[in-house]
Amino acid sequence: MEITTRDCNDVKVVSFKGRIVYDTEEIVKRETEKLVKGPVKNLVFNFGELTYINSSGLGLLINVLKQIRAAKGDVKLSNLRPELMELFKITSLNSVFDISPDEETAVNKFIKK
Amino acid sequence: MILFENQLYIEFPSKRDYIDFVSNKVVSAVNTIAQEVHSQNITDDALISQDLNIFGFGMNLSIDEALKNAIVHGNKADPRKKVALSYYINSERLEIIVRDEGIGFDHKNYKANMEVDAEAGRGLLLINNFMDEIKFNEPGNEIKMIKYLGKSKTAREDF
């Protein structure tokens, strides 16, 4: 599991590579906690190279989203693979998260605000 | 047409560390079996070389969620308690049974009644969506998940 961040104006783009499973949850928790505590609350999670996530991982993402929204920011998702998109639809989480087809669209949603 | 069947039974202690390993191994094993038989039954060379990956993301996730439920909710993560997984595969279907040593749960009245942004409780919802059928034993400490090969039914157990 690799998580890399990149600043794009006032938005932090966070790229996830690998699988979020029990064995990698700690890494995700640690990295997302840094984001929650950090100064930039406008986050784009690029899931282009995230190949797997289970219900625990979804719970973790919701936890991050709630904390970021409480701090008046948002977590927008982009580049979801078809099977992940299906997962978000099944769980109705596509209505909780703002999901964009690509990173640029997601970043622009913050800028246009 | 080659008819076949294959089965496996494994038991392991209730530790979450095993979940990913076991679910990956099972998916890989049933895929190997299904693909081998599929290629034996196909006469067109072009189709033989196709990587079918019959069981993929949804199967992996369903096993993952069933094992997690067994370990965390069933056995309360007590490593002295075991989780048993068995699978049976033939030309028509794959059945996976996961059993724990817990007291079970009220599967007849279970409804995924939850807030859309709740942080837990989606395991069974996901299994129900990716599998063709799911069944519980009476006490509810055993789940049977069925996936039909080729045609995918969307029959649902009323739970």
# chains A, B, ... in the order shown; residues from 1 in each chain; ligands from 1
>>> interface_residues(of="chain B", to="chain A", cutoff="10 Å", atoms="only C-alpha atoms", output="ChimeraX atom specification")
/B:16-21,56-58,60-62,64-65,68,116-126,129-130
>>> select_by_dssp(residues="region 18-76 of chain A", states="helix (DSSP H, G or I)", output="count of residues only")
32
>>> residues_around(residues="Glu103 (chain A)", least_positions_apart="6", cutoff="10 Å", atoms="only C-alpha atoms", output="CSV table (one decimal) with N, CA and C atoms, in the first residue's frame")
chain,number,residue,atom,x,y,z
A,13,VAL,N,-3.8,16.5,-3.4
A,13,VAL,CA,-4.2,15.3,-4.1
A,13,VAL,C,-3.5,14.1,-3.5
A,14,VAL,N,-4.2,13.1,-3.1
A,14,VAL,CA,-3.7,12.0,-2.4
A,14,VAL,C,-3.9,10.7,-3.3
A,15,SER,N,-2.8,10.1,-3.7
A,15,SER,CA,-2.9,8.9,-4.6
A,15,SER,C,-2.7,7.7,-3.8
A,44,VAL,N,-8.4,15.5,-2.5
A,44,VAL,CA,-8.9,14.7,-3.6
A,44,VAL,C,-8.1,13.3,-3.4
A,45,PHE,N,-8.9,12.3,-3.2
A,45,PHE,CA,-8.3,10.9,-3.2
A,45,PHE,C,-8.4,10.3,-4.6
A,46,ASN,N,-7.2,10.1,-5.2
A,46,ASN,CA,-7.2,9.5,-6.5
A,46,ASN,C,-7.0,8.0,-6.3
A,47,PHE,N,-8.1,7.2,-6.7
A,47,PHE,CA,-8.2,5.8,-6.4
A,47,PHE,C,-7.8,5.0,-7.7
A,48,GLY,N,-7.2,5.7,-8.7
A,48,GLY,CA,-6.8,5.0,-9.9
A,48,GLY,C,-6.1,3.7,-9.8
A,76,LYS,N,-12.9,14.5,-1.9
A,76,LYS,CA,-13.6,14.1,-3.1
A,76,LYS,C,-12.8,13.0,-3.7
A,77,LEU,N,-13.5,12.0,-4.3
A,77,LEU,CA,-12.8,10.9,-4.9
A,77,LEU,C,-12.7,11.0,-6.4
A,78,SER,N,-11.7,10.4,-7.0
A,78,SER,CA,-11.6,10.3,-8.4
A,78,SER,C,-11.0,9.0,-8.9
A,79,ASN,N,-11.1,8.8,-10.2
A,79,ASN,CA,-10.5,7.7,-10.9
A,79,ASN,C,-10.8,6.3,-10.3
>>> select_by_dssp(residues="chain A", states="strand (DSSP E)", output="count of residues only")
37
>>> atom_distance(atom1="CA of Ile89 (chain B)", atom2="CA of Lys15 (chain B)")
26.2 Å
>>> atom_distance(atom1="CA of Gln35 (chain B)", atom2="CA of Ile146 (chain B)")
18.0 Å
>>> residues_around(residues="Cys8 (chain A)", least_positions_apart="4", cutoff="12 Å", atoms="only C-alpha atoms", output="list in words")
Lys12, Val13, Val14, Val40, Asn42, Leu43, Val44, Glu103, Glu104, Ala106, Val107, Asn108, Phe110 and Ile111 of chain A
>>> write_last_selection(atoms="C-alpha atoms", output="CSV table (one decimal), in the first residue's frame")
chain,number,residue,atom,x,y,z
A,12,LYS,CA,-4.1,18.2,-1.7
A,13,VAL,CA,-4.2,15.3,-4.1
A,14,VAL,CA,-3.7,12.0,-2.4
A,40,VAL,CA,-5.2,21.6,3.9
A,42,ASN,CA,-9.6,20.2,0.6
A,43,LEU,CA,-8.6,16.7,-0.4
A,44,VAL,CA,-8.9,14.7,-3.6
A,103,GLU,CA,-8.5,14.0,-10.8
A,104,GLU,CA,-8.7,17.4,-12.7
A,106,ALA,CA,-12.3,16.7,-8.7
A,107,VAL,CA,-9.7,19.4,-8.1
A,108,ASN,CA,-11.7,22.0,-10.1
A,110,PHE,CA,-12.8,22.9,-5.1
A,111,ILE,CA,-11.5,25.8,-7.1
>>> closest_residue(among="B:Phe136, B:Tyr148, B:Phe105, B:Phe55", to="Ser23 (chain B)", atoms="only C-alpha atoms")
B:Phe55
>>> closest_residue(among="B:Ile33, B:Lys76, B:Met59, B:Lys147", to="Glu92 (chain B)", atoms="only C-alpha atoms")
B:Lys147
>>> residues_around(residues="His73 (chain B)", least_positions_apart="2", cutoff="10 Å", atoms="only C-alpha atoms", output="PyMOL selection string")
chain B and resi 67-71+75-77+100+102-105+141
